[in-house]
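**Student:** Sharing a structure, written as structure tokens. Questions coming.
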4 protein chains.
Amino acid sequence: MALKTVEQYYQTLRAMHPTAYILGERVENPSEHPLIKRHCAVIAQTYAMAQEPEYRDLLTGESKLIGEKVSRFTKLYESKDDLMTKVKMMRLLSNKTGSCYVRCTGLDMINAGFIVTYDTDKKYGTHYHENFVNYLKYIQKNDIAVHSGVTDVKGDRALSPSKQSDPDMYVHVVDRTEDGIIVRGCKAHQTGSLCVHEVIVGPTRRLSQDDKDYAVSFALPIDTRGIIHVYGRGGLEDRQLGGVDIGNINYSKFVPLVIFDDVFVPWDRVFMCGEYEFAAPLVSLFADYHRQSHGGCKCGIADVLVGAAATMAEYNGVANVSHIRHKLTEMIKTGETMYGCSLAASIESKKTDSGVYAVDSALANTSKLYEGKEFIEAIRLMLEITGGLVGSMPSEKDLRSPEIGHFLEKYLKGVPGVSAEDRMRMFRLVEKLGFGSSDVMSHIHGGGSPEAHRLALWRATDLEARKKMAKHLAGIEAQDIN
Amino acid sequence: MALKTVEQYYQTLRAMHPTAYILGERVENPSEHPLIKRHCAVIAQTYAMAQEPEYRDLLTGESKLIGEKVSRFTKLYESKDDLMTKVKMMRLLSNKTGSCYVRCTGLDMINAGFIVTYDTDKKYGTHYHENFVNYLKYIQKNDIAVHSGVTDVKGDRALSPSKQSDPDMYVHVVDRTEDGIIVRGCKAHQTGSLCVHEVIVGPTRRLSQDDKDYAVSFALPIDTRGIIHVYGRGGLEDRQLGGVDIGNINYSKFVPLVIFDDVFVPWDRVFMCGEYEFAAPLVSLFADYHRQSHGGCKCGIADVLVGAAATMAEYNGVANVSHIRHKLTEMIKTGETMYGCSLAASIESKKTDSGVYAVDSALANTSKLYEGKEFIEAIRLMLEITGGLVGSMPSEKDLRSPEIGHFLEKYLKGVPGVSAEDRMRMFRLVEKLGFGSSDVMSHIHGGGSPEAHRLALWRATDLEARKKMAKHLAGIEAQDIN
Amino acid sequence: MALKTVEQYYQTLRAMHPTAYILGERVENPSEHPLIKRHCAVIAQTYAMAQEPEYRDLLTGESKLIGEKVSRFTKLYESKDDLMTKVKMMRLLSNKTGSCYVRCTGLDMINAGFIVTYDTDKKYGTHYHENFVNYLKYIQKNDIAVHSGVTDVKGDRALSPSKQSDPDMYVHVVDRTEDGIIVRGCKAHQTGSLCVHEVIVGPTRRLSQDDKDYAVSFALPIDTRGIIHVYGRGGLEDRQLGGVDIGNINYSKFVPLVIFDDVFVPWDRVFMCGEYEFAAPLVSLFADYHRQSHGGCKCGIADVLVGAAATMAEYNGVANVSHIRHKLTEMIKTGETMYGCSLAASIESKKTDSGVYAVDSALANTSKLYEGKEFIEAIRLMLEITGGLVGSMPSEKDLRSPEIGHFLEKYLKGVPGVSAEDRMRMFRLVEKLGFGSSDVMSHIHGGGSPEAHRLALWRATDLEARKKMAKHLAGIEAQDIN
Amino acid sequence: MALKTVEQYYQTLRAMHPTAYILGERVENPSEHPLIKRHCAVIAQTYAMAQEPEYRDLLTGESKLIGEKVSRFTKLYESKDDLMTKVKMMRLLSNKTGSCYVRCTGLDMINAGFIVTYDTDKKYGTHYHENFVNYLKYIQKNDIAVHSGVTDVKGDRALSPSKQSDPDMYVHVVDRTEDGIIVRGCKAHQTGSLCVHEVIVGPTRRLSQDDKDYAVSFALPIDTRGIIHVYGRGGLEDRQLGGVDIGNINYSKFVPLVIFDDVFVPWDRVFMCGEYEFAAPLVSLFADYHRQSHGGCKCGIADVLVGAAATMAEYNGVANVSHIRHKLTEMIKTGETMYGCSLAASIESKKTDSGVYAVDSALANTSKLYEGKEFIEAIRLMLEITGGLVGSMPSEKDLRSPEIGHFLEKYLKGVPGVSAEDRMRMFRLVEKLGFGSSDVMSHIHGGGSPEAHRLALWRATDLEARKKMAKHLAGIEAQDIN
């Protein structure tokens with residue numbers, strides 16, 4: 001039984017009792033809360049579509065590890081094809097939900113952790129990889145939804161973890177016992193943490209010897225004692241709370257802080273504990289995978305942006321105007337660029353000693369750079385095409401008003417054949433896509449900030465080889481001066 | 001008594017009884033409603049600062065029309081200096097409020113209307129200009145807050161007003177009586193309509209003979225019978241309703257639809273009625289003025305964006321990082337570009353026959369083109385500098401929670417010396433600046449869409465002169481082939 | 001004997017006697033002319049490297065058609081891998097030569113022609129495919145260098161071929177005999193036409209029934225009677241003529257007009273003759289292939305730009321300045337984007353009925369769009385990094401002057417350890433890369449203009465599917481209104 | 001007699017005997033050399049048009065210093081209007097010549113020198129200002145053409161002048177005598193140095209006490225003993241040497257190195273000698289003026305780019321295509337932006353203690369930033385509109401060939417009514433505008449590099465004021481933490 005049904009997903013989720021706060025209140029069954037449930041609905045799609053014949057091949061695959069068909073969200077990248085298929089699966093899921101299915105963060109961390117625990121054990125004779133493999137088998141066999149906990153709150157960003165005035169600004173080990181370790185700290189941007197079963201935590205940056213206690217990786221259920229989820233307040237929440245003017249009617253996301261208030265981790269769930277030089281490879285492998293993942297995910301969102309803008313152009317009567325076509329084509333280009341570079345990062349991946357494939361860093365980071373800048377421009381183009389009412393459309397409550405509803409039906413219609421209601425709905429979808437702040441911030445900062453992508457691209461480039469090419473063509477024989 | 005005090009502004013506003021609907025409900029005293037009152041507070045600043053010695057010279061000026069000192073928001077552009085001073089006044093007001101003071105739309109319409117009624121009377125011997133001058137004197141003497149009603153809802157944008165399947169998609173005259181006219185239709189994007197005393201309405205596009213009934217301009221109090229204001233629902237409203245996590249704590253804006261349900265206009269308030277060939281000049285003059293106005297207004301907002309981003313960089317400990325400086329400089333550049341071109345549009349203005357100065361169209365539209373595209377990029381840079389928490393900061397309610405407040409105080413602080421509370425407040429301001437949908441849509445679509453600005457720039461350019469230059473330099477003697 | 005040696009390439013080339021004019025003069029042995037020979041040297045590299053063990057696998061492959069190892073420049077795209085390997089081969093060749101090896105145009109036309117002749121015969125029972133296969137076998141067996149003749153001079157671009165005032169503005173059939181056809185017209189942008197053995201000609205645009213005579217495709221040796229090559233004058237020619245200040249010391253390109261002055265083509269070399277509906281597929285297949293080719297070629301040139309800029313930064317002493325690294329990273333990004341989308345276009349290719357693989361049009365055109373715009377920006381960045389002397393470096397003749405040479409040695413040196421001579425050489429390479437007008441125009445217009453790429457991308461996109469996604473998410477049930 | 005005629009300009013120029021090397025050869029009468037004479041022709045226009053009634057007001061003005069009408073190229077900025085009029089004069093001159101008239105560099109240095117010598121004398125009681133005023137009177141009275149010598153060759157850019165391994169990499173004082181000083185070094189980018197009468201030299205960067213000897217400013221005739229002009233080799237020179245395919249048929253520019261080989265400067269021509277802290281203000285004032293100057297100059301060139309592109313669109317038959325209009329509008333926008341910010345920098349100028357007005361630095365540098373990046377994009381758009389033949393047009397020699405001329409007349413024509421010859425001429429103008437390397441490098445690096453402009457803009461911005469605005473709006477009371 002490797003694949004959970006939607007019902008099993010919800011059942012298992014509801015059986016958990018995480019500590020959760022939303023807008024200042026403790027919440028008992030967070031997965032049913034109006035601000036959380038639409039995010040669970042996105043993740044539920046990863047279970048539902050895995051059962052549908054049409055999508056099964058994209059959403060599942062044979063795991064060499066356990067010799068069974070597993071969800072692709074728990075499967076190792078055992079080939080270039082696995083990496084490519086992930087990208088296509090993500091484009092599809094974004095097309096279907098227009099939102100965030102979270103499990104890719106777990107998947108990318110699973111693969112990064114697999115490689116790094118392998119390398120750590122090889123160097124130190126530790127047993128992290130054994131722990132990791134056992135954990136992964138459990139995940140695969142039970143089709144567990146996992147997310148990853150990477151970004152620390154960071155305090156003063158100019159200082160390394162051990163140099164902070166408060167030592168807890170990065171998650172770290174505060175105690176070690178025979179049975180396990182105690183960790184403290186706080187992870188930000190923990191998208192969908194209340195909609196999954198487990199979290200795999202890892203460091204967020206390169207560490208030095210002084211930061212040894214910050215070199216820690218582990219996995220835990222999200223309702224482990226001491227883990228506190230604090231809802232992050234984004235835009236357009238009142239729409240979900242009120243159930244009207246929602247935009248994307250079924251799907252949404254939320255992004256909490258997760259506090260680790262002296263949380264106990266048993267040793268068999270520990271994958272790194274002090275081996276600080278492996279923090280950089282773990283972060284970097286995870287980050288490259290995740291930037292490649294974004295290429296599929298956000299291209300799928302770009303498809304929705306294009307669809308929404310094209311529909312609005314049609315509703316407004318300007319579908320055939322040349323500058324509208326030009327703008328739509330620019331939006332399409334941005335999506336295809338992310339997708340293309342992401343596919344290419346898969347093709348150019350290399351097999352690591354662990355057997356898992358690592359993506360091409362240059363191409364993965366190139367893909368992501370377009371998300372951080374041009375994707376926002378694509379949103380701007382969608383807003384430009386759609387028109388100013390995105391920011392000032394009266395509510396559906398007004399449309400339902402017996403006193404003024406007829407005015408809105410009259411004045412908010414576009415071309416003949418389209419009702420004001422449908423047009424208003426599409427305006428609301430555009431609003432959600434353009435002003436859903438947790439989504440937009442993910443476009444800019446998800447998988448690291450644009451500067452992190454630039455740095456990774458810079459490091460992935462063989463500059464010396466290029467300088468040699470130029471000198472050869474110019475007829476310069478002198479060697480490099482450095 | 002030309003200048004109202006803040007108290008007089010509020011008093012007169014509260015004495016009015018407009019028909020207003022907000023989120024499906026009829027609202028009695030809209031100017032006190034939590035979604036409206038912060039917009040009134042912005043406009044109140046235009047009255048308050050006019051009284052302050054430090055700002056008086058910017059916010060007021062001598063009216064040649066009535067020979068008294070009047071608010072600059074009611075003053076004709078009687079010199080190039082008037083146009084420049086307006087730009088500077090607007091930069092200042094944006095610095096002080098970070099929001100929208102609306103009266104510039106009225107001001108720009110006052111000037112456009114003055115010129116066009118002058119020209120219409122000259123051609124037809126009508127008395128629109130006399131009406132207009134009388135009205136303007138009333139406005140100036142009583143320091144009335146006026147906004148302009150331009151953008152119609154438009155229906156099928158591919159069709160002219162008279163070709164729409166529903167004739168009411170553009171405001172038009174449905175009846176003429178001895179005493180006045182009856183108008184019907186609906187204006188969109190009526191920013192702040194419930195915070196001002198009067199509206200001046202004009203057509204939104206070039207019109208042909210068939211559209212004669214749509215060539216109508218007039219002024220009315222905003223609580224005239226038949227005028228219905230319907231609140232447009234933007235983002236982040238729950239913050240204002242709840243009074244927490246507001247961002248810009250005192251100031252905000254709202255953008256309603258305004259329906260004209262068979263509204264009567266007395267003849268002395270009518271400034272155009274059928275002279276369709278004057279619709280284009282009116283729209284075009286108003287639009288050019290308003291694009292020049294934006295140069296001052298949005299540069300002032302850009303100053304705030306820069307300040308917010310620089311503060312966040314400081315709070316995060318990265319103020320001296322080179323790429324942060326580069327990004328702040330790009331943001332500064334965009335603000336200065338809008339400001340510079342807007343000032344230049346003033347310097348290059350030309351005196352019209354009416355005596356009022358008309359801005360340089362090429363430079364005014366150039367300024368606005370940067371707002372539509374690069375200003376959004378400036379926002380993106382602010383979001384990039386600030387960090388992902390903009391989209392997922394826990395609420396101040398969490399900070400106040402006895403159970404978890406201490407966690408937030410601990411984990412949401414940045415560099416030493418800055419409290420989590422202050423940092424959260426700045427995140428909220430950034431959120432408001434980046435995700436306040438009615439603001440952002442105004443950056444893109446205010447004063448017309450970017451394509452309208454391009455078209456205006458194209459029309460303002462003497463292409464033949466440029467072709468001649470090129471031919472001369474290339475040694476081509478042949479004349480133009482067309 | 002499928003692979004020619006460099007000597008055989010030159011031998012066979014010199015045995016041909018094309019009609020060539022350079023700067024107003026008839027030239028007898030054009031391949032030895034100083035303005036042509038460096039272009040031959042580039043093509044010679046395609047022969048030389050095919051013999052080198054290190055590069056053999058990239059530059060050659062097994063032809064299923066003749067069951068022999070052939071140059072990759074004559075090989076059909078018999079798999080996705082063939083398309084990917086081409087991209088990599090081209091990146092390598094550009095790295096090695098910094099210039100244009102022309103044979104890719106022939107290769108892309110070979111593949112397009114193979115598919116289209118197959119489809120034409122299937123529809124009409126003609127024998128074009130048999131002709132084509134025989135011709136291709138000859139090409140493969142003799143390792144013939146082929147280029148393609150596509151772009152017509154076009155006259156008035158607003159008119160189709162048959163509507164031009166002069167019927168010869170597009171190559172067309174002027175007579176048919178028992179033995180073959182007579183063609184007339186003129187092809188522009190015939191890069192390297194005097195450095196190859198053969199040309200395959202095809203139409204340059206979609207044709208209608210009226211344009212039937214323009215639907216013509218054929219292959220001929222470049223010295224066929226009636227074919228006249230007229231050298232196109234680009235920049236920096238005096239450097240090649242004088243043999244000093246050359247920049248790229250061994251390699252260059254030239255781009256002539258080729259006039260077809262009533263040229264006879266025997267029937268077995270005719271691949272299309274009147275089947276106008278096949279003009280569009282031929283152009284479109286060729287164009288998509290060629291845009292994908294550019295992704296490899298120009299990424300390879302981008303590597304050289306990066307190397308040249310990085311070397312100059314080093315020579316100037318600013319290699320570690322942060323904005324220099326930022327700019328180099330932007331240049332790298334552009335190269336990787338073209339490369340990545342080009343590889344992805346290969347992976348997403350589809351097998352046609354003929355057995356040959358057709359690239360993904362959306363991704364191929366996306367790749368090319370970056371060349372047309374961002375590659376020029378990469379050049380600008382290189383020029384910015386390098387410094388103003390790119391446009392005003394004294395000549396090597398001055399360096400050699402006994403009177404002032406010592407001044408230049410003194411004043412044109414950069415950081416210690418780099419001679420003025422080496423620094424001047426690198427400036428010259430940058431100059432060649434930035435101001436070699438035939439190269440730069442190829443970046444913008446090669447493989448069609450940017451608007452052609454946009455149109456192709458637009459056509460390759462399933463807009464209806466995207467509209468459906470958006471409607472589904474917004475909860476709109478109404479079908480499309482069109 | 002304040003204004004020279006064209007004849008007097010040439011006469012005086014020919015009376016000078018500068019030491020000049022061109023492409024390795026000593027040249028006796030450089031102003032008549034085919035590579036120099038077209039640059040003289042540009043400068044001649046500054047004399048010619050000053051005599052024409054139509055342009056007189058723009059090109060001349062009343063000097064308060066000598067109480068006479070002088071060339072605007074020698075006039076102090078005695079008002080905001082002087083600064084604005086300069087911008088307009090420069091736009092006009094660029095329109096008329098499409099090239100570089102050099103004297104603006106002298107003019108901007110005259111004004112910077114005037115202010116700085118004033119301030120130096122005030123601090124030190126020196127007599128530089130007296131020297132300067134006397135020199136300026138001479139310049140004004142004799143309408144002398146002056147250029148400025150600023151940019152040193154710089155050697156290792158990471159090191160300050162006094163830290164270079166060779167002390168001569170920046171111009172410096174090597175000896176002081178009773179009569180004057182001896183200077184040594186080399187200035188790069190000395191545009192048009194052989195077409196003017198005098199040079200004013202100043203330091204190129206901020207200097208510290210160790211660099212005291214590099215703090216030197218002076219004026220000399222360009223044929224002073226020890227001054228050696230070495231022609232800088234740019235692109236398209238063979239066209240000027242051959243007198244065919246020239247593009248801009250009458251006007252061009254050249255950019256030499258100028259070596260100061262132990263040159264004697266009499267004390268009354270010395271304006272700074274050791275007062276190192278005044279190097280920064282001199283450079284910065286000069287640079288800001290010159291960036292403001294570029295706004296007029298390059299906007300005038302942009303007009304020509306627009307004219308050339310629009311003409312080519314017409315010749316090609318695509319003048320009414322929507323994307324062509326969009327591209328032309330983008331080009332127009334870039335020109336207007338530079339112009340607008342440049343005018344605004346004039347309006348916002350401030351009067352210095354010396355009486356001369358200093359431009360607003362933020363706006364002047366903003367203007368220039370568009371030249372460095374967007375002006376190159378405008379060129380790219382021109383090239384895109386024009387078409388690929390820009391890089392490969394056959395020579396006029398081919399058009400004149402009795403053998404193939406008729407082919408070119410036939411095949412290179414565009415729309416009916418335009419001869420191939422005219423079309424070729426316009427292609428050549430476009431080529432000159434796009435590939436004249438000394439022009440293009442000036443767009444990028446003239447008046448300092450883009451990073452210098454960014455730095456100046458950053459320094460000109462009051463960041464603290466902006467942070468205060470943001471804190472005020474966010475309700476943060478804490479003061480700045482620094």
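Ligands are numbered from 1 in the order shown, residues from 1 within each chain, and chains are lettered A, B, ... in the order they appear in the structure tokens.
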Please determine the contact residues of chain C with respect to chain D at a cut-off of 6 Å, counting only C-alpha atoms, and supply them as a VMD selection string.
**Tutor:** chain C and resid 23 to 24 155 to 158 231 to 236 255 316 to 317 388 391 to 395 397 to 398 401 414 to 415 435 437 to 438 441 445
**Student:** Leaving out region 92-94 of chain A and any residue of its chain fewer than 5 positions from it, which residues lie within 10 Å of it when counting only C-alpha atoms, given as a VMD selection string?
**Tutor:** (chain A and resid 42 to 43 45 to 46 49 55 58 to 59 86 to 87 99 to 101 296 to 304) or (chain C and resid 469)
**Student:** Using N, CA and C atoms, can you write the selected residues to a file as a PDB file, in the first residue's frame?
**Tutor:**
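Saved file out.pdb follows:
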```pdb
ATOM      1  N   VAL A  42      -5.208  21.746  -2.013  1.00  0.00           N
ATOM      2  CA  VAL A  42      -4.179  21.648  -3.066  1.00  0.00           C
ATOM      3  C   VAL A  42      -3.406  20.349  -2.892  1.00  0.00           C
ATOM      4  N   ILE A  43      -2.994  20.097  -1.666  1.00  0.00           N
ATOM      5  CA  ILE A  43      -2.195  18.899  -1.409  1.00  0.00           C
ATOM      6  C   ILE A  43      -3.030  17.648  -1.666  1.00  0.00           C
ATOM      7  N   GLN A  45      -4.988  17.237  -3.965  1.00  0.00           N
ATOM      8  CA  GLN A  45      -4.897  16.961  -5.410  1.00  0.00           C
ATOM      9  C   GLN A  45      -3.700  16.084  -5.736  1.00  0.00           C
ATOM     10  N   THR A  46      -2.625  16.178  -4.961  1.00  0.00           N
ATOM     11  CA  THR A  46      -1.452  15.331  -5.272  1.00  0.00           C
ATOM     12  C   THR A  46      -1.790  13.864  -4.983  1.00  0.00           C
ATOM     13  N   MET A  49      -4.902  12.962  -7.945  1.00  0.00           N
ATOM     14  CA  MET A  49      -4.475  12.765  -9.328  1.00  0.00           C
ATOM     15  C   MET A  49      -3.567  11.543  -9.483  1.00  0.00           C
ATOM     16  N   TYR A  55      -3.291  10.761 -15.235  1.00  0.00           N
ATOM     17  CA  TYR A  55      -2.139  11.460 -14.662  1.00  0.00           C
ATOM     18  C   TYR A  55      -1.188  10.536 -13.904  1.00  0.00           C
ATOM     19  N   LEU A  58       2.540  10.468 -14.474  1.00  0.00           N
ATOM     20  CA  LEU A  58       3.291  11.662 -14.055  1.00  0.00           C
ATOM     21  C   LEU A  58       3.440  11.713 -12.537  1.00  0.00           C
ATOM     22  N   LEU A  59       2.410  11.311 -11.832  1.00  0.00           N
ATOM     23  CA  LEU A  59       2.406  11.517 -10.381  1.00  0.00           C
ATOM     24  C   LEU A  59       2.962  10.365  -9.561  1.00  0.00           C
ATOM     25  N   LYS A  86       9.394  15.162 -12.969  1.00  0.00           N
ATOM     26  CA  LYS A  86       8.962  16.024 -11.856  1.00  0.00           C
ATOM     27  C   LYS A  86       8.543  17.401 -12.376  1.00  0.00           C
ATOM     28  N   VAL A  87       9.378  17.964 -13.257  1.00  0.00           N
ATOM     29  CA  VAL A  87       9.069  19.288 -13.805  1.00  0.00           C
ATOM     30  C   VAL A  87       7.706  19.285 -14.505  1.00  0.00           C
ATOM     31  N   SER A  99      -1.983  26.981  -7.428  1.00  0.00           N
ATOM     32  CA  SER A  99      -1.492  27.250  -6.085  1.00  0.00           C
ATOM     33  C   SER A  99      -0.314  26.338  -5.743  1.00  0.00           C
ATOM     34  N   CYS A 100      -0.062  26.118  -4.473  1.00  0.00           N
ATOM     35  CA  CYS A 100       1.172  25.495  -3.999  1.00  0.00           C
ATOM     36  C   CYS A 100       0.892  24.182  -3.303  1.00  0.00           C
ATOM     37  N   TYR A 101       1.537  23.110  -3.779  1.00  0.00           N
ATOM     38  CA  TYR A 101       1.256  21.760  -3.248  1.00  0.00           C
ATOM     39  C   TYR A 101       2.330  21.292  -2.290  1.00  0.00           C
ATOM     40  N   GLY A 296       9.137  24.207 -13.165  1.00  0.00           N
ATOM     41  CA  GLY A 296       7.908  23.525 -13.552  1.00  0.00           C
ATOM     42  C   GLY A 296       6.699  24.172 -12.911  1.00  0.00           C
ATOM     43  N   CYS A 297       6.795  24.402 -11.613  1.00  0.00           N
ATOM     44  CA  CYS A 297       5.668  24.939 -10.848  1.00  0.00           C
ATOM     45  C   CYS A 297       5.224  26.292 -11.393  1.00  0.00           C
ATOM     46  N   LYS A 298       6.176  27.193 -11.534  1.00  0.00           N
ATOM     47  CA  LYS A 298       5.795  28.559 -11.866  1.00  0.00           C
ATOM     48  C   LYS A 298       5.464  28.701 -13.346  1.00  0.00           C
ATOM     49  N   CYS A 299       6.033  27.834 -14.175  1.00  0.00           N
ATOM     50  CA  CYS A 299       5.591  27.840 -15.569  1.00  0.00           C
ATOM     51  C   CYS A 299       4.117  27.453 -15.612  1.00  0.00           C
ATOM     52  N   GLY A 300       3.741  26.503 -14.748  1.00  0.00           N
ATOM     53  CA  GLY A 300       2.328  26.117 -14.674  1.00  0.00           C
ATOM     54  C   GLY A 300       1.460  27.266 -14.206  1.00  0.00           C
ATOM     55  N   ILE A 301       1.980  28.065 -13.282  1.00  0.00           N
ATOM     56  CA  ILE A 301       1.232  29.253 -12.857  1.00  0.00           C
ATOM     57  C   ILE A 301       1.196  30.275 -13.996  1.00  0.00           C
ATOM     58  N   ALA A 302       2.296  30.389 -14.698  1.00  0.00           N
ATOM     59  CA  ALA A 302       2.324  31.313 -15.842  1.00  0.00           C
ATOM     60  C   ALA A 302       1.259  30.937 -16.862  1.00  0.00           C
ATOM     61  N   ASP A 303       1.059  29.650 -17.069  1.00  0.00           N
ATOM     62  CA  ASP A 303      -0.015  29.227 -17.980  1.00  0.00           C
ATOM     63  C   ASP A 303      -1.355  29.795 -17.505  1.00  0.00           C
ATOM     64  N   VAL A 304      -1.561  29.766 -16.189  1.00  0.00           N
ATOM     65  CA  VAL A 304      -2.822  30.290 -15.641  1.00  0.00           C
ATOM     66  C   VAL A 304      -2.891  31.810 -15.812  1.00  0.00           C
TER      67      VAL A 304
ATOM     68  N   MET C 469      -8.056  26.563 -18.073  1.00  0.00           N
ATOM     69  CA  MET C 469      -7.492  26.451 -16.715  1.00  0.00           C
ATOM     70  C   MET C 469      -7.981  27.588 -15.834  1.00  0.00           C
TER      71      MET C 469
END
```
**Student:** As an exercise, work out the distance from CA of His406 (chain B) to CA of Val244 (chain B) in Å and give it to one decimal place.
**Tutor:**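 Computing it gives 18.5 Å between the two atoms.
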**Student:** Check region 191-358 of chain C with DSSP on the backbone and list each residue it calls alpha helix (DSSP H), as a PyMOL selection string.
**Tutor:** chain C and resi 237-242+279-316+322-347
**Student:** As a compact mmCIF listing (two decimals) with C-alpha atoms, in the first residue's frame, please: the residues near Gln8 (chain B) (cut-off 12 Å, only C-alpha atoms, same-chain neighbours under 5 positions excluded).
**Tutor:**
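Writing the result to selection15.txt gives the following:
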```txt
# COMPACT_ATOMS: atom_id res chain seq x y z
CA MET B 1 -12.42 83.28 3.16
CA ALA B 2 -10.75 81.18 0.54
CA LEU B 3 -9.10 78.48 2.63
CA LEU B 13 -18.28 66.66 4.33
CA ARG B 14 -20.40 65.32 7.13
CA ALA B 15 -23.18 67.68 6.17
CA ALA B 44 -7.61 66.57 5.27
CA TYR B 47 -6.30 71.52 4.10
CA ALA B 48 -4.04 71.21 7.12
CA ASN B 142 -15.09 78.01 -0.75
CA ASP B 143 -12.02 75.81 -1.10
CA ILE B 144 -14.18 72.96 -2.29
CA ALA B 145 -12.61 69.50 -2.71
CA HIS B 197 -17.60 67.71 -2.09
```
**Student:** Write out as a ChimeraX atom specification the residues lying within 7 Å of Ser162 (chain A), counting only C-alpha atoms and excluding same-chain residues fewer than 3 positions away.
**Tutor:** /A:167,210-211
**Student:** Any chance you can output those residues with N, CA, C and O atoms as an mmCIF file, in the first residue's frame?
**Tutor:**
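Generated file (again.cif):
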```
data_model
loop_
_atom_site.group_PDB
_atom_site.id
_atom_site.type_symbol
_atom_site.label_atom_id
_atom_site.label_comp_id
_atom_site.auth_asym_id
_atom_site.auth_seq_id
_atom_site.Cartn_x
_atom_site.Cartn_y
_atom_site.Cartn_z
ATOM 1 N N PRO A 167 21.529 33.434 20.531
ATOM 2 C CA PRO A 167 22.027 32.237 19.838
ATOM 3 C C PRO A 167 20.935 31.436 19.141
ATOM 4 O O PRO A 167 21.237 30.494 18.410
ATOM 5 N N ASP A 210 32.752 27.215 14.061
ATOM 6 C CA ASP A 210 32.105 27.857 15.199
ATOM 7 C C ASP A 210 30.597 27.630 15.234
ATOM 8 O O ASP A 210 29.952 27.785 16.267
ATOM 9 N N ASP A 211 30.061 27.327 14.080
ATOM 10 C CA ASP A 211 28.614 27.169 13.972
ATOM 11 C C ASP A 211 28.198 25.708 14.102
ATOM 12 O O ASP A 211 27.076 25.348 13.728
#
```
**Student:** Which residues come within 10 Å of region 279-286 of chain D, counting only C-alpha atoms, excluding same-chain residues fewer than 4 positions away, as a count of residues only?
**Tutor:** 39
**Student:** If you measure from CA of Gln11 (chain B) to CA of Lys69 (chain B), what distance in Å do you get, rounded to one decimal?
**Tutor:** 21.8 Å
**Student:** Residues of region 135-343 of chain A classed as strand (DSSP E) by DSSP on the backbone are to be reported as number ranges by chain.
**Tutor:** A: 146-149, 172-176, 180-187, 198-201, 216-221, 227-230, 257-266, 270-273
**Student:** Would you work out the distance separating CA of Met89 (chain D) from CA of Lys333 (chain B), expressed in Å to one decimal?
**Tutor:** 25.6 Å
